[in-house]
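Quick notes on the structure that follows.
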Amino acid sequence: MAAGAIGVAVMTAVEKAEQACTGRPDSDVPGRTLQRLLGAPEASGRRLRAYDTAMHVGQGALLGGLRGVMAASGLRGPWASGMFLAVRLTNDQIFENATGVGAPPWTWPRRELAVDLLHKAVYAFATGAAADRLVAGLGPGPGRAHAALRPGRRFGVGPPPPGVGAPN
């Protein structure tokens, strides 16, 4: 979850810089989504901002735990962060669409979609870099130990014996 908190901090800094350049206001979608998930009454002003912050930070930190599990398993680097980007986008869309707060991304204005994708990519790759660094001392992880048995995609390479590549 620490990696997710780092990713949220980096994403937030990039969002604020983008908003300063474009004049785009904060989104209230995270806060409204959380209100509906909790069954809370509609809020506005400072109360809505509190829901926004809780959803923004909480969701990012919790999902960062998953990226940490990926890294500990040997799924590290840009490929793994790209996979994690899809998870983050999917998570947002499930909650936003299930609550009726959001709409499918292919229905959004293109500029809004591009901004959201950019910010979520910043989050995914910052979270990934933090997670990869946090678990680096654990060794390669089981997946990388398996891949090292015979480099390249090959048939007939079974998994390594139990414990090989496992975290220390």
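How things are named: the first chain in the structure tokens is A, the next is B, and so on; residues count from 1 in each chain; ligands count from 1 in the order shown.
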- DSSP helix (DSSP H, G or I) selection over range 27-157 of chain A, as a PyMOL selection string: chain A and resi 29-38+45-73+77-98+105-107+110-138+142-149
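Residues with any atom within 10 Å of Arg49 in chain A, counting only C-alpha atoms and excluding same-chain neighbours fewer than 3 positions away, are Asp26, Ser27, Asp28, Pro30, Gly31, Arg32, Ala43, Ser44, Gly45, Arg46, Asp52, Thr53, Ala54 and Met55 of chain A.
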- Closest of A:Ser73, A:Asn91, A:Thr107, A:Asn97 to Pro140 in chain A - atom-to-atom distances counting only C-alpha atoms: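 Closest candidate: A:Ser73.
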- Find the residues around Leu66 in chain A up to 12 Å (only C-alpha atoms counted), leave out those fewer than 4 positions away in its own chain, and share them as a PyMOL selection string. chain A and resi 1-4+59-62+70-73+75+80-81+83-85+87-88+91+124+127-128+131-132
- Atom-to-atom span, CA of Gly82 in chain A and CA of Arg150 in chain A, Å: 24.5 Å
- Query: What is the CA of Arg110 in chain A-CA of Leu89 in chain A distance in Å, reported with one decimal?
  - Reply: 15.8 Å
